[in-house]
There are 2 protein chains.
Amino acid sequence: MPTATDPQLHAFLAAFDDFVRAAKRARVRAAPDDTLTLAQYDLLAPLRHAGDALGLRELARAAGVSAPTATRMLDGLQVRGLVTRERCTDDRRAVRLELTDAGREAVADFHERQAERRRALFAQLEPDERRAAARVLSRLAEAYEGVQG
Amino acid sequence: MPTATDPQLHAFLAAFDDFVRAAKRARVRAAPDDTLTLAQYDLLAPLRHAGDALGLRELARAAGVSAPTATRMLDGLQVRGLVTRERCTDDRRAVRLELTDAGREAVADFHERQAERRRALFAQLEPDERRAAARVLSRLAEAYEGVQG
DNA sequence: TATTGTTATACTCTATAACTATA
DNA sequence: TATAGTTATAGAGTATAACAATA
């Protein structure tokens with residue numbers, strides 16, 4: 001059980017903070033080159049590999065935003081020709097969202113730029129750090145699900 | 001040199017993505033309880049341990065936002081009584097930002113909640129993972145600085 | 001001229017509440 | 001009644017361009 005004065009905990013908290021701040025600065029630096037904002041990418045990303053079109057609520061939940069926010073965002077993305085919105089024939093309450101070719105390209109492009117930045121990070125790690133990194137990030141992701149807030 | 005098909009790289013990219021998404025969901029869940037938004041905390045955090053008052057541009061740079069954005073945000077925070085803005089006597093172009101008692105409490109409170117969440121993550125790691133985690137996060141933070149975007 | 005900060009302007013992201021249409 | 005989505009409303013965060021004051 002780690003205590004508040006545990007030096008290992010202290011190192012963890014400091015490193016976590018450094019990491020989050022560095023990631024934010026990098027994101028800001030990268031943003032001007034992207035067609036999509038991060039929020040838009042997060043909203044559309046699930047459509048990239050979806051065989052079927054998805055509903056608005058599904059996208060909103062995956063992106064962690066409310067349904068009205070998703071509606072708003074999709075309005076703009078539809079006007080820009082990146083996504084299509086069709087009434088579902090089976091259940092006429094629902095809409096089916098799908099990427100257009102341009103939308104698919106924008107999402108793929110964002111994904112590739114993001115992956116490229118992350119590959120560059122990976123390349124700077126020592127071999128033993130590389131092995132540890134995937135494990136640590138994966139375990140932290142799991143741990144988040146077991147935390148209230 | 002890692003290649004695009006390197007399985008270790010693939011695991012890293014997948015874990016990175018899982019981590020970022022989990023962190024975002026956790027942040028959203030935690031947000032309603034905070035007096036400050038994350039952006040506001042990022043802007044004010046440097047004032048927490050600053051002996052001297054800091055200038056607006058300094059805060060903006062540290063938070064990764066433009067000067068007009070910082071002005072806007074500080075307007076609101078000043079109205080809420082969390083921060084004071086004084087013209088600097090030495091250089092009358094500059095302003096000196098300082099936390100009020102209420103502001104100091106809000107920043108400390110946000111910091112404590114954030115640290116508590118992170119302590120809970122740390123507690124879920126195995127002993128060997130704890131040792132690795134600080135190292136990995138710290139090295140990734142360093143690596144970000146060596147990446148263009 | 002260069003720097004510090006603000007104003008003007010415009011757009012995106014965000015939520016809650018209230019609504020419509022369908023099931 | 002419950003669910004899918006939208007509209008109404010309001011507020012925060014964001015940037016660029018143009019400006020004022022001071023150095």
# chains A, B, ... in the order shown; residues from 1 in each chain; ligands from 1
>>> closest_atom_pairs(of="chain B", to="chain D", cutoff="10 Å", atoms="only C-alpha atoms (C1' of nucleotides)", output="tab-separated table")
residue	atom	partner	partner_atom	distance
B:Thr37	CA	D:DA12	C1'	9.1
B:Ala39	CA	D:DG13	C1'	8.0
B:Gln40	CA	D:DG13	C1'	9.7
B:Val65	CA	D:DT14	C1'	8.1
B:Ser66	CA	D:DA15	C1'	7.4
B:Ala67	CA	D:DA15	C1'	9.8
B:Pro68	CA	D:DA15	C1'	8.4
B:Thr69	CA	D:DT14	C1'	6.8
B:Ala70	CA	D:DG13	C1'	9.7
B:Arg72	CA	D:DG13	C1'	9.1
B:Met73	CA	D:DG13	C1'	8.2
B:Gly76	CA	D:DA12	C1'	9.8
B:Asp91	CA	D:DT22	C1'	7.6
B:Arg92	CA	D:DT22	C1'	6.3
B:Arg93	CA	D:DT22	C1'	5.3
B:Ala94	CA	D:DT22	C1'	9.0
>>> interface_residues(of="chain C", to="chain B", cutoff="8 Å", atoms="only C-alpha atoms (C1' of nucleotides)", output="ChimeraX atom specification")
/C:4-6
>>> interface_residues(of="chain B", to="chain A", cutoff="6 Å", atoms="only C-alpha atoms", output="PyMOL selection string")
chain B and resi 11-12+15-16+18-19+22+26+29-30+121+133-134+136-138+141+143+149
>>> write_last_selection(atoms="N, CA, C and O atoms", output="mmCIF file, in the first residue's frame")
data_model
loop_
_atom_site.group_PDB
_atom_site.id
_atom_site.type_symbol
_atom_site.label_atom_id
_atom_site.label_comp_id
_atom_site.auth_asym_id
_atom_site.auth_seq_id
_atom_site.Cartn_x
_atom_site.Cartn_y
_atom_site.Cartn_z
ATOM 1 N N ALA B 11 2.019 -3.112 -30.324
ATOM 2 C CA ALA B 11 1.509 -3.199 -28.957
ATOM 3 C C ALA B 11 1.594 -1.841 -28.265
ATOM 4 O O ALA B 11 0.683 -1.443 -27.532
ATOM 5 N N PHE B 12 2.679 -1.140 -28.508
ATOM 6 C CA PHE B 12 2.863 0.190 -27.928
ATOM 7 C C PHE B 12 1.772 1.142 -28.399
ATOM 8 O O PHE B 12 1.149 1.848 -27.596
ATOM 9 N N ALA B 15 -1.596 0.238 -26.885
ATOM 10 C CA ALA B 15 -1.646 0.558 -25.458
ATOM 11 C C ALA B 15 -1.736 2.067 -25.247
ATOM 12 O O ALA B 15 -2.463 2.551 -24.368
ATOM 13 N N PHE B 16 -1.002 2.812 -26.066
ATOM 14 C CA PHE B 16 -1.021 4.268 -25.978
ATOM 15 C C PHE B 16 -2.439 4.780 -26.203
ATOM 16 O O PHE B 16 -2.954 5.628 -25.466
ATOM 17 N N ASP B 18 -5.294 3.101 -25.884
ATOM 18 C CA ASP B 18 -6.147 2.696 -24.762
ATOM 19 C C ASP B 18 -5.958 3.640 -23.583
ATOM 20 O O ASP B 18 -6.925 4.049 -22.936
ATOM 21 N N PHE B 19 -4.713 3.961 -23.312
ATOM 22 C CA PHE B 19 -4.397 4.828 -22.180
ATOM 23 C C PHE B 19 -5.019 6.210 -22.353
ATOM 24 O O PHE B 19 -5.675 6.733 -21.451
ATOM 25 N N ALA B 22 -8.850 6.060 -22.002
ATOM 26 C CA ALA B 22 -9.253 5.824 -20.613
ATOM 27 C C ALA B 22 -9.059 7.091 -19.793
ATOM 28 O O ALA B 22 -9.907 7.450 -18.965
ATOM 29 N N ALA B 26 -11.980 9.230 -17.808
ATOM 30 C CA ALA B 26 -11.844 9.480 -16.366
ATOM 31 C C ALA B 26 -11.934 10.969 -16.077
ATOM 32 O O ALA B 26 -12.566 11.401 -15.116
ATOM 33 N N ARG B 29 -15.502 12.105 -16.237
ATOM 34 C CA ARG B 29 -16.244 11.660 -15.050
ATOM 35 C C ARG B 29 -15.929 12.535 -13.843
ATOM 36 O O ARG B 29 -16.798 12.819 -13.026
ATOM 37 N N ALA B 30 -14.664 12.952 -13.725
ATOM 38 C CA ALA B 30 -14.239 13.703 -12.545
ATOM 39 C C ALA B 30 -14.654 15.166 -12.604
ATOM 40 O O ALA B 30 -14.851 15.800 -11.572
ATOM 41 N N LEU B 121 -4.405 4.897 -9.307
ATOM 42 C CA LEU B 121 -3.844 4.134 -10.426
ATOM 43 C C LEU B 121 -2.586 3.404 -9.975
ATOM 44 O O LEU B 121 -2.422 2.207 -10.214
ATOM 45 N N ALA B 133 6.805 2.191 -14.265
ATOM 46 C CA ALA B 133 5.882 3.239 -14.706
ATOM 47 C C ALA B 133 6.506 4.630 -14.654
ATOM 48 O O ALA B 133 6.430 5.397 -15.622
ATOM 49 N N ALA B 134 7.148 4.956 -13.538
ATOM 50 C CA ALA B 134 7.744 6.280 -13.404
ATOM 51 C C ALA B 134 8.797 6.489 -14.488
ATOM 52 O O ALA B 134 8.850 7.541 -15.136
ATOM 53 N N VAL B 136 9.075 4.955 -17.442
ATOM 54 C CA VAL B 136 8.486 5.015 -18.782
ATOM 55 C C VAL B 136 7.840 6.381 -19.031
ATOM 56 O O VAL B 136 8.060 7.009 -20.070
ATOM 57 N N LEU B 137 7.051 6.855 -18.079
ATOM 58 C CA LEU B 137 6.363 8.142 -18.272
ATOM 59 C C LEU B 137 7.370 9.275 -18.379
ATOM 60 O O LEU B 137 7.216 10.200 -19.201
ATOM 61 N N SER B 138 8.401 9.196 -17.562
ATOM 62 C CA SER B 138 9.422 10.226 -17.582
ATOM 63 C C SER B 138 10.169 10.239 -18.914
ATOM 64 O O SER B 138 10.403 11.291 -19.511
ATOM 65 N N ALA B 141 7.982 11.639 -21.650
ATOM 66 C CA ALA B 141 7.909 13.101 -21.564
ATOM 67 C C ALA B 141 9.142 13.723 -22.215
ATOM 68 O O ALA B 141 9.033 14.674 -23.000
ATOM 69 N N ALA B 143 10.986 12.323 -24.490
ATOM 70 C CA ALA B 143 10.944 12.008 -25.917
ATOM 71 C C ALA B 143 10.052 12.992 -26.678
ATOM 72 O O ALA B 143 10.354 13.369 -27.814
ATOM 73 N N GLY B 149 6.179 17.479 -33.820
ATOM 74 C CA GLY B 149 4.769 17.820 -33.558
ATOM 75 C C GLY B 149 4.264 16.881 -32.498
ATOM 76 O O GLY B 149 3.116 16.569 -32.485
#
>>> select_by_dssp(residues="stretch 14-141 of chain B", states="strand (DSSP E)", output="list in words")
Val83, Thr84, Arg85, Glu86, Arg87, Val95, Arg96, Leu97, Glu98 and Leu99 of chain B
>>> write_last_selection(atoms="all heavy atoms", output="PDB file, in the first residue's frame")
ATOM      1  N   VAL B  83      -8.237  35.271  -8.613  1.00  0.00           N
ATOM      2  CA  VAL B  83      -6.938  35.793  -9.005  1.00  0.00           C
ATOM      3  C   VAL B  83      -6.983  37.320  -8.986  1.00  0.00           C
ATOM      4  O   VAL B  83      -8.053  37.913  -9.170  1.00  0.00           O
ATOM      5  CB  VAL B  83      -6.584  35.244 -10.421  1.00  0.00           C
ATOM      6  CG1 VAL B  83      -7.329  35.982 -11.506  1.00  0.00           C
ATOM      7  CG2 VAL B  83      -5.101  35.268 -10.675  1.00  0.00           C
ATOM      8  N   THR B  84      -5.842  37.946  -8.701  1.00  0.00           N
ATOM      9  CA  THR B  84      -5.776  39.403  -8.766  1.00  0.00           C
ATOM     10  C   THR B  84      -4.833  39.816  -9.890  1.00  0.00           C
ATOM     11  O   THR B  84      -3.864  39.115 -10.195  1.00  0.00           O
ATOM     12  CB  THR B  84      -5.241  40.012  -7.454  1.00  0.00           C
ATOM     13  OG1 THR B  84      -3.934  39.485  -7.211  1.00  0.00           O
ATOM     14  CG2 THR B  84      -6.159  39.685  -6.290  1.00  0.00           C
ATOM     15  N   ARG B  85      -5.159  40.954 -10.515  1.00  0.00           N
ATOM     16  CA  ARG B  85      -4.373  41.465 -11.631  1.00  0.00           C
ATOM     17  C   ARG B  85      -3.954  42.884 -11.271  1.00  0.00           C
ATOM     18  O   ARG B  85      -4.802  43.744 -11.079  1.00  0.00           O
ATOM     19  CB  ARG B  85      -5.250  41.443 -12.872  1.00  0.00           C
ATOM     20  CG  ARG B  85      -4.509  41.657 -14.135  1.00  0.00           C
ATOM     21  CD  ARG B  85      -5.152  41.137 -15.402  1.00  0.00           C
ATOM     22  NE  ARG B  85      -6.595  40.907 -15.432  1.00  0.00           N
ATOM     23  CZ  ARG B  85      -7.206  40.420 -16.518  1.00  0.00           C
ATOM     24  NH1 ARG B  85      -6.524  40.141 -17.606  1.00  0.00           N
ATOM     25  NH2 ARG B  85      -8.509  40.223 -16.504  1.00  0.00           N
ATOM     26  N   GLU B  86      -2.644  43.095 -11.201  1.00  0.00           N
ATOM     27  CA  GLU B  86      -2.130  44.431 -10.847  1.00  0.00           C
ATOM     28  C   GLU B  86      -1.129  44.897 -11.888  1.00  0.00           C
ATOM     29  O   GLU B  86      -0.291  44.123 -12.326  1.00  0.00           O
ATOM     30  CB  GLU B  86      -1.367  44.365  -9.518  1.00  0.00           C
ATOM     31  CG  GLU B  86      -2.182  44.613  -8.288  1.00  0.00           C
ATOM     32  CD  GLU B  86      -1.309  44.530  -7.052  1.00  0.00           C
ATOM     33  OE1 GLU B  86      -0.080  44.761  -7.171  1.00  0.00           O
ATOM     34  OE2 GLU B  86      -1.835  44.189  -5.986  1.00  0.00           O
ATOM     35  N   ARG B  87      -1.214  46.162 -12.206  1.00  0.00           N
ATOM     36  CA  ARG B  87      -0.202  46.725 -13.095  1.00  0.00           C
ATOM     37  C   ARG B  87       1.147  46.679 -12.386  1.00  0.00           C
ATOM     38  O   ARG B  87       1.241  47.027 -11.195  1.00  0.00           O
ATOM     39  CB  ARG B  87      -0.582  48.182 -13.411  1.00  0.00           C
ATOM     40  CG  ARG B  87      -0.283  48.600 -14.828  1.00  0.00           C
ATOM     41  CD  ARG B  87      -1.257  47.974 -15.814  1.00  0.00           C
ATOM     42  NE  ARG B  87      -0.623  47.671 -17.097  1.00  0.00           N
ATOM     43  CZ  ARG B  87      -1.277  47.198 -18.149  1.00  0.00           C
ATOM     44  NH1 ARG B  87      -2.573  46.968 -18.093  1.00  0.00           N
ATOM     45  NH2 ARG B  87      -0.640  46.939 -19.262  1.00  0.00           N
ATOM     46  N   VAL B  95       1.420  43.073 -16.378  1.00  0.00           N
ATOM     47  CA  VAL B  95       0.551  42.867 -15.219  1.00  0.00           C
ATOM     48  C   VAL B  95       1.138  41.749 -14.372  1.00  0.00           C
ATOM     49  O   VAL B  95       1.865  40.896 -14.865  1.00  0.00           O
ATOM     50  CB  VAL B  95      -0.901  42.500 -15.622  1.00  0.00           C
ATOM     51  CG1 VAL B  95      -1.583  43.656 -16.298  1.00  0.00           C
ATOM     52  CG2 VAL B  95      -0.925  41.263 -16.467  1.00  0.00           C
ATOM     53  N   ARG B  96       0.810  41.792 -13.091  1.00  0.00           N
ATOM     54  CA  ARG B  96       1.277  40.776 -12.163  1.00  0.00           C
ATOM     55  C   ARG B  96       0.072  40.000 -11.681  1.00  0.00           C
ATOM     56  O   ARG B  96      -0.811  40.568 -11.035  1.00  0.00           O
ATOM     57  CB  ARG B  96       1.998  41.430 -10.983  1.00  0.00           C
ATOM     58  CG  ARG B  96       3.264  42.194 -11.361  1.00  0.00           C
ATOM     59  CD  ARG B  96       3.615  43.302 -10.372  1.00  0.00           C
ATOM     60  NE  ARG B  96       3.482  42.873  -8.987  1.00  0.00           N
ATOM     61  CZ  ARG B  96       4.413  42.189  -8.324  1.00  0.00           C
ATOM     62  NH1 ARG B  96       5.554  41.881  -8.911  1.00  0.00           N
ATOM     63  NH2 ARG B  96       4.207  41.819  -7.086  1.00  0.00           N
ATOM     64  N   LEU B  97       0.034  38.726 -11.999  1.00  0.00           N
ATOM     65  CA  LEU B  97      -1.076  37.863 -11.592  1.00  0.00           C
ATOM     66  C   LEU B  97      -0.717  37.163 -10.297  1.00  0.00           C
ATOM     67  O   LEU B  97       0.397  36.670 -10.134  1.00  0.00           O
ATOM     68  CB  LEU B  97      -1.355  36.811 -12.663  1.00  0.00           C
ATOM     69  CG  LEU B  97      -2.082  37.222 -13.944  1.00  0.00           C
ATOM     70  CD1 LEU B  97      -3.291  38.084 -13.641  1.00  0.00           C
ATOM     71  CD2 LEU B  97      -1.173  37.879 -14.941  1.00  0.00           C
ATOM     72  N   GLU B  98      -1.703  37.111  -9.422  1.00  0.00           N
ATOM     73  CA  GLU B  98      -1.503  36.433  -8.148  1.00  0.00           C
ATOM     74  C   GLU B  98      -2.787  35.722  -7.743  1.00  0.00           C
ATOM     75  O   GLU B  98      -3.878  36.219  -8.017  1.00  0.00           O
ATOM     76  CB  GLU B  98      -1.110  37.446  -7.066  1.00  0.00           C
ATOM     77  CG  GLU B  98       0.178  37.109  -6.351  1.00  0.00           C
ATOM     78  CD  GLU B  98       0.681  38.297  -5.522  1.00  0.00           C
ATOM     79  OE1 GLU B  98       0.426  39.455  -5.884  1.00  0.00           O
ATOM     80  OE2 GLU B  98       1.323  38.036  -4.495  1.00  0.00           O
ATOM     81  N   LEU B  99      -2.648  34.592  -7.080  1.00  0.00           N
ATOM     82  CA  LEU B  99      -3.820  33.885  -6.567  1.00  0.00           C
ATOM     83  C   LEU B  99      -4.329  34.570  -5.307  1.00  0.00           C
ATOM     84  O   LEU B  99      -3.542  35.011  -4.470  1.00  0.00           O
ATOM     85  CB  LEU B  99      -3.458  32.436  -6.223  1.00  0.00           C
ATOM     86  CG  LEU B  99      -3.158  31.502  -7.384  1.00  0.00           C
ATOM     87  CD1 LEU B  99      -2.653  30.158  -6.865  1.00  0.00           C
ATOM     88  CD2 LEU B  99      -4.378  31.312  -8.271  1.00  0.00           C
TER      89      LEU B  99
END
>>> atom_distance(atom1="atom CA of A:Ala60", atom2="atom CA of B:Tyr41")
25.8 Å
>>> atom_distance(atom1="atom C1' of C:DT14", atom2="atom CA of B:Gly81")
23.6 Å
>>> select_by_dssp(residues="stretch 35-133 of chain A", states="alpha helix (DSSP H)", output="PyMOL selection string")
chain A and resi 38-48+56-63+67-79+101-123+127-133
>>> atom_distance(atom1="atom C1' of C:DC19", atom2="atom CA of A:Leu74")
19.7 Å
